[in-house]
Amino acid sequence: MIALGAWLWDMALSPFAEFAFMRRALVATLALSLSAAPLGVFLTLRRMSLLGDALSHAVLPGVAIGFMLGGLSLTAMALGGVVAGMGVAALAGLVTRFTTLKEDASLAAIYLVALALGVTLISGHGTQLDLLHILFGSALGVDTPGLLMVAGVASVSVLLLAAMYRGLVLESFDPVFLASAGRRGWLWQQGFLMLVVINLVAGFQTLGTLMAVGLMMLPAVSSRLWHDTLPAQLLNASAQAMLASVAGLLLSYHLDTPSGPTIIGCAGALYFASLLVAPGGWLPRFWSSRHRIA
């Protein structure tokens, strides 16, 4: 029993107790889990799952310009990312409004151009290490200013999401009723997109611009396999994201692997486990069909 306790301490608690960088990474990823995963649930609910991926790539040119102007200044890169993300979302909306292209097609085209532009800018004005840091992040390298930014964004995001909850639910399920009640649906949509962008920007330092969307979408998709009600999906998504964050940080520490991809890998493992054993997954449906046949 004592040996088991010592093993659990060494494997699960000692890294956080002994190292400040592990504690900062833990707080940052848990804060992101609390704010980003519920947004992913709303994205899946609105059938906009690929929007998160598109916006995570779209912030890259703004991050790159901030890097060119201020180096690895978190403030400059975050501000540039927010401006670029909202700009791409607005541009895609204009293309959809004034052409025959659908929003998903215009977003796909614009985010690919944005991704290429961002990588080109960073490659031309920085080292390969800078490019890897921005694309894939480093949760174990989060400093105090970065932690404060993530915590601030998460706090504001959770409060705004709570304030917008009823409007977002109405806009997602019955936009016609929302319009008939005199409320403009596009205001809710733009406010929601702003929350998505700032969470992706907050996540780029810990998970990188390519990985940040993973903590937003994978737990959200998994939660739909477990629950039918929206509040339960929101709680489940945050819980899965937190579990993936803790497990990913510990695996990254013990196995010396990149922290961001390891966290997303753990979220992916939870997703595949949900595909098998969740009420909406394969095994319960398989047994249910067997019993009906019998």
# chains A, B, ... in the order shown; residues from 1 in each chain; ligands from 1

$ residues_around --residues "A:Val88" --least-positions-apart "2" --cutoff "9 Å" --atoms "only C-alpha atoms" --output "ChimeraX atom specification"
/A:55,58-59,83-86,90-93,107,110-111,114

$ closest_atom_pairs --of "stretch 152-258 of chain A" --to "stretch 6-19 of chain A" --cutoff "10 Å" --atoms "only C-alpha atoms" --output "Markdown table"
| residue | atom | partner | partner_atom | distance |
| --- | --- | --- | --- | --- |
| A:Val246 | CA | A:Ala12 | CA | 8.9 |
| A:Ala247 | CA | A:Ala12 | CA | 8.8 |
| A:Leu249 | CA | A:Pro15 | CA | 9.4 |
| A:Leu250 | CA | A:Ala12 | CA | 6.8 |
| A:Leu251 | CA | A:Met11 | CA | 9.2 |
| A:Tyr253 | CA | A:Pro15 | CA | 7.7 |
| A:His254 | CA | A:Met11 | CA | 7.9 |

$ closest_residue --among "A:Thr262, A:Gly141, A:Met149, A:Ser274" --to "A:Met22" --atoms "only C-alpha atoms"
A:Gly141

$ atom_distance --atom1 "atom CA of A:Val119" --atom2 "atom CA of A:Ala64"
7.7 Å

$ closest_residue --among "A:Thr209, A:Thr99, A:Thr144, A:Ser155" --to "A:Arg23" --atoms "only C-alpha atoms"
A:Thr144

$ residues_around --residues "A:Ser259" --least-positions-apart "5" --cutoff "12 Å" --atoms "only C-alpha atoms" --output "PyMOL selection string"
chain A and resi 22+25-26+29+133+136-142+205-208+211-212+244-254+264-266

$ residues_around --residues "A:Gly62" --least-positions-apart "3" --cutoff "10 Å" --atoms "only C-alpha atoms" --output "PDB file with C-alpha atoms, in the first residue's frame"
ATOM      1  CA  ALA A  58      -6.838  32.321 -39.674  1.00  0.00           C
ATOM      2  CA  VAL A  59      -5.246  33.936 -36.600  1.00  0.00           C
ATOM      3  CA  ILE A  65       2.672  40.353 -37.896  1.00  0.00           C
ATOM      4  CA  GLY A  66       2.686  40.802 -34.117  1.00  0.00           C
ATOM      5  CA  PHE A  67       5.834  38.665 -33.990  1.00  0.00           C
ATOM      6  CA  MET A  68       7.475  40.763 -36.720  1.00  0.00           C
ATOM      7  CA  ALA A  76       1.504  42.023 -29.776  1.00  0.00           C
ATOM      8  CA  MET A  77       0.893  38.492 -31.049  1.00  0.00           C
ATOM      9  CA  ALA A  78      -2.414  38.135 -29.185  1.00  0.00           C
ATOM     10  CA  LEU A  79      -3.717  41.462 -30.474  1.00  0.00           C
ATOM     11  CA  GLY A  80      -2.677  40.595 -34.009  1.00  0.00           C
ATOM     12  CA  GLY A  81      -4.347  37.187 -33.730  1.00  0.00           C
ATOM     13  CA  VAL A  82      -7.660  38.641 -32.551  1.00  0.00           C
ATOM     14  CA  VAL A  83      -7.707  41.222 -35.352  1.00  0.00           C
ATOM     15  CA  ALA A  84      -6.814  38.616 -37.991  1.00  0.00           C
ATOM     16  CA  GLY A  85      -9.355  36.068 -36.738  1.00  0.00           C
ATOM     17  CA  GLY A  87     -11.120  39.937 -40.021  1.00  0.00           C
ATOM     18  CA  ALA A 114      -4.168  32.920 -44.255  1.00  0.00           C
ATOM     19  CA  LEU A 117       0.669  33.769 -45.480  1.00  0.00           C
ATOM     20  CA  GLY A 118       1.298  33.352 -41.766  1.00  0.00           C
ATOM     21  CA  LEU A 121       5.825  35.701 -42.729  1.00  0.00           C
TER      22      LEU A 121
END
